[in-house]
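Participant: Here it is, the structure, as structure tokens.
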Amino acid sequence: MVNETKKEFSAKKNFNFSEWYSNIIEKAEIVDLRLGIKGFITIRPWGTLIIEKLFDMFEEELQGKGHLPVIMPSVIPESNLKRESSHIKGFTPQVFWLETEKGEEKLALRPTSETVFTPMFSLWIRSHRDLPLKLYQRGSVFRYDTKATRPLIRGREFQWIECHDAFATKHDAEAQVQEDIDTTEKILHEKLGIPFFPMKRPQWDKFAGAEYTIGSDVLMPDGKMIQQPSTHFMGQKFSRAFDAKFRTKDDREDFIYTTAYGPAMSRILVSIISTHGDDFGLVLPFSVSPIQVVIVPIYTTKNKDKIMKYSHEIMEKIRIHGINATLDSRDIYSPGWKFHDSELKGIPFRIEIGEKEFKSKKITLFIRDIKKKQVISASSLKNISKLGKEYDERLKRNADSFVKNKIVDCKTKADIKKTVDSGKIARVNFCSVQEQGLHCAEIIEKEIGAEVRGTLANKNEKQSGNCAICSKKAEAVVYIAKSY
RNA sequence: GGGGAUGUGGGGUAGCCUGGUAGCCUUCAAGGUUUGGGACCUUGCGACCCCGGUUCAAAUCCGGGCAUCCCCA
């Protein structure tokens with residue numbers, strides 16, 4: 001008999017990524033789309049638990065680097081939003097406005113919070129001794145996106161952390177931008193095994209109100225880039241708009257320098273799913289999986305009590321090492337059902353305990369990413385942390401090898417098209433990443449369907465020759481790819 | 001921004017062209033037997049996206065809306 005549940009999740013990741021992705025986020029109980037509000041989704045417990053872990057990771061890292069949490073209003077008065085001209089110009093089309101009573105000022109649901117943080121900075125900061133001031137908040141922001149929305153990838157509401165930092169000098173602020181990139185490296189790449197390219201965006205693609213923006217681009221399995229945490233150097237643009245001044249060491253008055261950093265948890269979840277997942281379901285890194293080890297008891301009506309008791313003991317033995325182990329005691333499901341379920345949900349390790357294991361005092365350990373079972377002695381359970389580290393290393397290595405050799409030097413429009421169509425990234429000599437380069441960028445968008453993502457932020461690459469599009473003298477080496 | 005497709009019990013679908021009894025698989029509920037890779041039997045509950053139009057009669061035809069998916073820019 002055809003099992004429909006099985007059939008539903010039959011899309012192949014490397015064959016039809018879109019279908020695979022749409023399928024897996026629902027089947028693995030990450031999201032539920034049925035509420036039917038464009039751009040807004042329900043994130044189910046399994047997805048929410050992962051997102052919570054991501055928040056924890058970031059908050060721990062940020063606090064370790066001197067950030068403190070705050071809770072700011074979810075609404076922004078119209079006059080605040082309009083203070084910085086390029087900011088409001090960029091965000092106006094995507095603001096959700098709230099109805100207010102006559103006579104009260106119009107309010108926007110925050111699309112981002114520079115325009116409430118900066119006025120508070122002006123109140124909190126009087127002297128260079130108050131600096132740096134590094135704050136963050138976790139929460140949702142709202143953007144009335146008119147383009148097609150996609151669950152977790154592009155929504156009208158998304159969950160993120162926004163850091164807003166204030167400094168006494170340009171130098172300090174720019175050091176913060178580098179620190180933000182390091183934070184992304186530490187969490188996204190080192191902990192979650194997701195390689196990224198830090199790209200300094202062209203001027204026409206920077207954050208509205210920033211002097212420059214560095215976005216972390218992650219390559220998806222279908223060859224499209226998705227932007228992960230971005231960090232913005234605002235210079236004194238917002239502080240001038242909000243009159244946020246301080247007294248310098250040498251007794252001058254100056255405007256503070258600000259930066260913003262915004263990792264979106266819901267979007268990072270996309271990269272976890274798409275980077276590590278396979279045709280059997282999710283593959284969650286050990287570091288982020290809400291359940292790290294699931295124990296599946298295998299019993300008959302006769303030995304149930306004995307097996308359950310033994311399974312409990314094993315669970316406790318694992319838990320004392322600080323590992324999140326759970327016993328799947330749901331009686332309504334057969335062991336086979338539980339096996340499939342744990343694989344679909346991406347739980348790194350599964351321990352199977354039945355009569356065999358009870359007698360031999362050994363346990364059967366299933367490892368999700370390589371889909372292999374091994375029999376180990378019950379006493380070696382203390383090594384699970386180590387196995388978890390190795391597991392995460394393996395995920396990272398595989399992800400790294402996926403992006404290896406994906407960058408191709410291109411000299412002509414045809415070269416670029418061929419490269420991006422094959423799911424790779426084109427490295428190109430380009431006329432300019434200032435506004436005057438926009439024309440060539442538009443040609444790339446219209447004729448190739450790809451985007452100039454920017455210049456590599458962590459490497460000073462020397463351009464040579466002429467722009468691949470307009471043949472004027474090249475002023476930058478840019479990376480071009482398809483994108484979400 | 002442009003184009004295409006779709007919307008039927010909780011999930012997956014048939015029926016739509018050619019208007020007239022909503023079929024199947026699964027889930028769910030109850031009871032029983034089971035439990036080493038999605039267990040089985042019996043009984044039962046549950047649906048035509050919304051608004052309007054045409055018609056004796058609309059899941060089916062027409063118009064509008066909402067939502068979802070895909071492709072292209």
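Within each chain, counting starts at residue 1; across the structure tokens, chains are named A, B, ... in the order shown, with ligands numbered 1 upward in that order.
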Compile the contact shell of G36 in chain B as an MDAnalysis selection string: residues with an atom at most 8 Å away, counting only C-alpha atoms (C1' of nucleotides), same-chain residues fewer than 5 positions apart removed.
Facilitator: chainID A and resid 298 335 354
Participant: Go through range 10-46 of chain A residue by residue and, counting only C-alpha atoms (C1' of nucleotides), keep those with an atom at most 12 Å from range 45-60 of chain B; for each kept residue give the shortest atom pair and its distance in Å to one decimal, ordered by chain and increasing number, as CSV.
Facilitator:
```
residue,atom,partner,partner_atom,distance
A:Arg34,CA,B:C49,C1',11.4
A:Leu35,CA,B:C49,C1',12.0
A:Gly36,CA,B:C49,C1',10.3
```
Participant: Those selected residues, please, written with N, CA and C atoms and delivered as a PDB file, in the first residue's frame.
Facilitator:
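Dumped everything to again-v1.pdb:
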```pdb
ATOM      1  N   ARG A  34      -1.274  27.855   7.142  1.00  0.00           N
ATOM      2  CA  ARG A  34      -2.703  27.861   6.843  1.00  0.00           C
ATOM      3  C   ARG A  34      -3.495  29.032   7.387  1.00  0.00           C
ATOM      4  N   LEU A  35      -2.874  29.871   8.174  1.00  0.00           N
ATOM      5  CA  LEU A  35      -3.611  31.026   8.645  1.00  0.00           C
ATOM      6  C   LEU A  35      -3.936  31.959   7.473  1.00  0.00           C
ATOM      7  N   GLY A  36      -3.079  31.935   6.454  1.00  0.00           N
ATOM      8  CA  GLY A  36      -3.399  32.634   5.218  1.00  0.00           C
ATOM      9  C   GLY A  36      -3.357  34.145   5.274  1.00  0.00           C
TER      10      GLY A  36
END
```
Participant: So which residues touch range 389-403 of chain A within 12 Å, counting only C-alpha atoms (C1' of nucleotides), skipping near sequence neighbours fewer than 6 positions away, as a count of residues only?
Facilitator: 49
Participant: Neighbouring residues of range 67-69 of chain B were defined as those with any atom within 10 Å, considering only C-alpha atoms (C1' of nucleotides); residues of the same chain fewer than 5 positions away were excluded. Please report them as a tab-separated table (two decimals) with N, CA and C atoms (P, O5', C5', C4', C3', O3' and C1' of nucleotides), in the first residue's frame.
Facilitator:
```
chain	number	residue	atom	x	y	z
A	18	SER	N	13.04	24.16	-4.59
A	18	SER	CA	11.86	24.92	-4.14
A	18	SER	C	10.81	24.00	-3.55
A	19	GLU	N	10.54	22.93	-4.27
A	19	GLU	CA	9.52	22.00	-3.81
A	19	GLU	C	9.98	21.31	-2.52
A	22	SER	N	9.58	23.87	0.38
A	22	SER	CA	8.18	24.09	0.77
A	22	SER	C	7.65	22.90	1.55
A	33	LEU	N	1.33	27.23	7.39
A	33	LEU	CA	1.02	28.39	6.55
A	33	LEU	C	-0.47	28.64	6.44
A	34	ARG	N	-1.27	27.86	7.14
A	34	ARG	CA	-2.70	27.86	6.84
A	34	ARG	C	-3.49	29.03	7.39
A	35	LEU	N	-2.87	29.87	8.17
A	35	LEU	CA	-3.61	31.03	8.64
A	35	LEU	C	-3.94	31.96	7.47
A	36	GLY	N	-3.08	31.94	6.45
A	36	GLY	CA	-3.40	32.63	5.22
A	36	GLY	C	-3.36	34.15	5.27
A	37	ILE	N	-2.37	34.70	5.94
A	37	ILE	CA	-2.17	36.15	5.91
A	37	ILE	C	-0.88	36.39	5.15
A	38	LYS	N	-0.96	37.10	4.06
A	38	LYS	CA	0.22	37.25	3.21
A	38	LYS	C	1.44	37.75	3.99
A	150	ARG	N	7.98	34.59	0.88
A	150	ARG	CA	8.22	33.15	0.98
A	150	ARG	C	8.46	32.82	2.44
B	5	A	P	-2.70	29.65	-16.64
B	5	A	O5'	-2.44	28.72	-15.38
B	5	A	C5'	-1.92	27.41	-15.56
B	5	A	C4'	-1.52	26.82	-14.23
B	5	A	C3'	-2.65	26.63	-13.23
B	5	A	O3'	-3.44	25.48	-13.50
B	5	A	C1'	-0.80	27.59	-12.14
B	6	U	P	-4.99	25.52	-13.14
B	6	U	O5'	-4.95	25.35	-11.56
B	6	U	C5'	-4.39	24.18	-10.97
B	6	U	C4'	-4.14	24.40	-9.50
B	6	U	C3'	-5.37	24.64	-8.65
B	6	U	O3'	-6.04	23.43	-8.33
B	6	U	C1'	-3.69	26.19	-8.06
B	7	G	P	-7.60	23.48	-8.02
B	7	G	O5'	-7.60	24.07	-6.55
B	7	G	C5'	-6.90	23.38	-5.51
B	7	G	C4'	-6.99	24.18	-4.22
B	7	G	C3'	-8.38	24.24	-3.61
B	7	G	O3'	-8.26	24.18	-2.18
B	7	G	C1'	-7.58	26.42	-4.01
B	49	C	P	-13.57	25.30	-2.54
B	49	C	O5'	-13.56	26.42	-1.43
B	49	C	C5'	-12.95	26.19	-0.16
B	49	C	C4'	-12.62	27.51	0.47
B	49	C	C3'	-13.66	28.60	0.26
B	49	C	O3'	-14.72	28.50	1.20
B	49	C	C1'	-11.52	29.45	-0.22
```
Participant: Write out, as JSON lines, each residue of chain B that has an atom at most 10 Å from chain A, together with the closest pair of atoms and their distance in Å to one decimal, counting only C-alpha atoms (C1' of nucleotides), rows going by chain and rising number.
Facilitator:
```
{"residue": "B:G1", "atom": "C1'", "partner": "A:Lys147", "partner_atom": "CA", "distance": 8.3}
{"residue": "B:G11", "atom": "C1'", "partner": "A:Thr5", "partner_atom": "CA", "distance": 8.0}
{"residue": "B:G12", "atom": "C1'", "partner": "A:Glu4", "partner_atom": "CA", "distance": 6.5}
{"residue": "B:C25", "atom": "C1'", "partner": "A:Glu4", "partner_atom": "CA", "distance": 6.8}
{"residue": "B:U26", "atom": "C1'", "partner": "A:Glu4", "partner_atom": "CA", "distance": 6.1}
{"residue": "B:U27", "atom": "C1'", "partner": "A:Thr5", "partner_atom": "CA", "distance": 9.5}
{"residue": "B:U34", "atom": "C1'", "partner": "A:Thr300", "partner_atom": "CA", "distance": 8.3}
{"residue": "B:U35", "atom": "C1'", "partner": "A:Ser334", "partner_atom": "CA", "distance": 5.5}
{"residue": "B:G36", "atom": "C1'", "partner": "A:Ile298", "partner_atom": "CA", "distance": 6.7}
{"residue": "B:G37", "atom": "C1'", "partner": "A:Gly336", "partner_atom": "CA", "distance": 4.4}
{"residue": "B:G38", "atom": "C1'", "partner": "A:Trp337", "partner_atom": "CA", "distance": 4.3}
{"residue": "B:A39", "atom": "C1'", "partner": "A:Ser334", "partner_atom": "CA", "distance": 7.3}
{"residue": "B:C66", "atom": "C1'", "partner": "A:Gly36", "partner_atom": "CA", "distance": 8.7}
{"residue": "B:A67", "atom": "C1'", "partner": "A:Gly36", "partner_atom": "CA", "distance": 5.6}
{"residue": "B:U68", "atom": "C1'", "partner": "A:Gly36", "partner_atom": "CA", "distance": 8.1}
{"residue": "B:C69", "atom": "C1'", "partner": "A:Ser22", "partner_atom": "CA", "distance": 8.8}
{"residue": "B:C70", "atom": "C1'", "partner": "A:Ser18", "partner_atom": "CA", "distance": 8.6}
{"residue": "B:C72", "atom": "C1'", "partner": "A:Gly449", "partner_atom": "CA", "distance": 8.3}
{"residue": "B:A73", "atom": "C1'", "partner": "A:Lys446", "partner_atom": "CA", "distance": 5.7}
```
Participant: Keeping C-alpha atoms (C1' of nucleotides) for every residue in the selection just given, could you write it to a file as a PDB file, in the first residue's frame?
Facilitator:
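Written output follows (out35.pdb):
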```
ATOM      1  C1'   G B   1       7.499  44.689 -11.306  1.00  0.00           C
ATOM      2  C1'   G B  11      -3.047  16.159   5.221  1.00  0.00           C
ATOM      3  C1'   G B  12      -2.731  14.204  -0.025  1.00  0.00           C
ATOM      4  C1'   C B  25      -5.768   7.088   0.518  1.00  0.00           C
ATOM      5  C1'   U B  26      -4.302   9.013   5.100  1.00  0.00           C
ATOM      6  C1'   U B  27      -5.220  11.452   9.674  1.00  0.00           C
ATOM      7  C1'   U B  34       0.095  -5.186  18.505  1.00  0.00           C
ATOM      8  C1'   U B  35       5.278  -2.809  18.958  1.00  0.00           C
ATOM      9  C1'   G B  36      13.517  -4.150  16.178  1.00  0.00           C
ATOM     10  C1'   G B  37      12.243   0.803   9.968  1.00  0.00           C
ATOM     11  C1'   G B  38       5.942   4.687   9.126  1.00  0.00           C
ATOM     12  C1'   A B  39       1.273  -2.205  12.706  1.00  0.00           C
ATOM     13  C1'   C B  66      -8.336  36.609  -0.759  1.00  0.00           C
ATOM     14  C1'   A B  67      -4.472  33.113  -0.292  1.00  0.00           C
ATOM     15  C1'   U B  68      -0.699  29.703  -1.888  1.00  0.00           C
ATOM     16  C1'   C B  69       2.983  27.777  -5.293  1.00  0.00           C
ATOM     17  C1'   C B  70       6.141  28.223  -9.601  1.00  0.00           C
ATOM     18  C1'   C B  72      10.832  35.343 -15.393  1.00  0.00           C
ATOM     19  C1'   A B  73      12.740  40.577 -14.647  1.00  0.00           C
TER      20        A B  73
END
```
Participant: Per DSSP on the backbone, filter range 184-372 of chain A down to the residues in strand (DSSP E or B) and report them as a ChimeraX atom specification.
Facilitator: /A:197-200,212-219,224-235,245-247,253-255,257-262,264,278,281,293-297,325-327,349-353,362-367,372
Participant: Excluding G31 in chain B and residues on its chain fewer than 6 positions from it, collect all residues at most 12 Å away from it, counting only C-alpha atoms (C1' of nucleotides), and give them as a list in words.
Facilitator: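 The residues satisfying every condition are C41, U42, U43 and G44 of chain B.
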Participant: If you keep N, CA and C atoms (P, O5', C5', C4', C3', O3' and C1' of nucleotides), can you produce a file of those selected residues as a short mmCIF file (atom, residue, chain, number, x, y, z; two decimals), in the first residue's frame?
Facilitator:
```
data_model
loop_
_atom_site.label_atom_id
_atom_site.label_comp_id
_atom_site.auth_asym_id
_atom_site.auth_seq_id
_atom_site.Cartn_x
_atom_site.Cartn_y
_atom_site.Cartn_z
P C B 41 -6.47 -3.88 8.09
"O5'" C B 41 -7.57 -4.43 9.11
"C5'" C B 41 -7.87 -5.82 9.16
"C4'" C B 41 -8.82 -6.09 10.28
"C3'" C B 41 -10.07 -5.21 10.31
"O3'" C B 41 -11.06 -5.66 9.40
"C1'" C B 41 -9.15 -5.35 12.49
P U B 42 -12.02 -4.58 8.68
"O5'" U B 42 -13.00 -4.25 9.88
"C5'" U B 42 -13.87 -5.24 10.40
"C4'" U B 42 -14.61 -4.70 11.60
"C3'" U B 42 -15.32 -3.37 11.37
"O3'" U B 42 -16.56 -3.51 10.70
"C1'" U B 42 -14.15 -3.30 13.42
P U B 43 -17.05 -2.35 9.68
"O5'" U B 43 -17.52 -1.23 10.70
"C5'" U B 43 -18.63 -1.46 11.56
"C4'" U B 43 -18.69 -0.39 12.62
"C3'" U B 43 -18.79 1.04 12.09
"O3'" U B 43 -20.10 1.38 11.66
"C1'" U B 43 -17.19 0.94 13.83
P G B 44 -20.23 2.48 10.48
"O5'" G B 44 -19.78 3.82 11.21
"C5'" G B 44 -20.57 4.36 12.26
"C4'" G B 44 -19.84 5.46 12.98
"C3'" G B 44 -19.56 6.72 12.18
"O3'" G B 44 -20.71 7.55 12.09
"C1'" G B 44 -17.64 6.13 13.43
#
```
Participant: Taking the DSSP assignment computed from this structure's backbone, write out as a PyMOL selection string all residues of range 280-446 of chain A that belong to helix (DSSP H, G or I).
Facilitator: chain A and resi 304-319+335-345+355-360+378-403+413-421+435-446
Participant: Pick out the closest residue to Val428 in chain A from this set: A:Phe238, A:Phe40, A:Tyr479, A:Phe167. Count only C-alpha atoms.
Facilitator: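 Of A:Phe238, A:Phe40, A:Tyr479, A:Phe167, the one nearest Val428 in chain A, counting only C-alpha atoms, is A:Tyr479.
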Participant: Which residues come within 6 Å of range 240-254 of chain A, counting only C-alpha atoms (C1' of nucleotides), excluding same-chain residues fewer than 2 positions away, as a PyMOL selection string?
Facilitator: chain A and resi 83-84+119+122+126-128+236-238+256
Participant: Based on the selection just made, write C-alpha atoms of those residues as a PDB file, in the first residue's frame.
Facilitator:
```
ATOM      1  CA  ARG A  83      13.943  62.601  10.676  1.00  0.00           C
ATOM      2  CA  GLU A  84      16.686  61.075   8.542  1.00  0.00           C
ATOM      3  CA  PRO A 119      16.837  59.708  20.268  1.00  0.00           C
ATOM      4  CA  SER A 122      20.909  61.519  22.735  1.00  0.00           C
ATOM      5  CA  ARG A 126      26.431  63.099  27.615  1.00  0.00           C
ATOM      6  CA  SER A 127      30.131  62.401  27.571  1.00  0.00           C
ATOM      7  CA  HIS A 128      32.788  60.287  25.885  1.00  0.00           C
ATOM      8  CA  GLN A 236      26.920  60.486  12.035  1.00  0.00           C
ATOM      9  CA  LYS A 237      23.889  60.417   9.764  1.00  0.00           C
ATOM     10  CA  PHE A 238      21.379  59.407  12.406  1.00  0.00           C
ATOM     11  CA  ILE A 256      28.117  60.167  18.082  1.00  0.00           C
TER      12      ILE A 256
END
```
Participant: Rounded to one decimal, what separation in Å do you get between CA of Val296 in chain A and CA of Arg44 in chain A?
Facilitator: 22.9 Å
Participant: Name the residues in contact with range 453-468 of chain A at a cut-off of 10 Å, using only C-alpha atoms (C1' of nucleotides), excluding same-chain residues fewer than 2 positions from it; report them as a ChimeraX atom specification.
Facilitator: /A:178,181,197-203,205-206,213-217,225,227,410-416,425,427-433,437,440-441,450-451,470-483
Participant: Please indicate the distance in Å from CA of Gln94 in chain A to CA of Tyr21 in chain A, rounded to one decimal place.
Facilitator: 26.3 Å
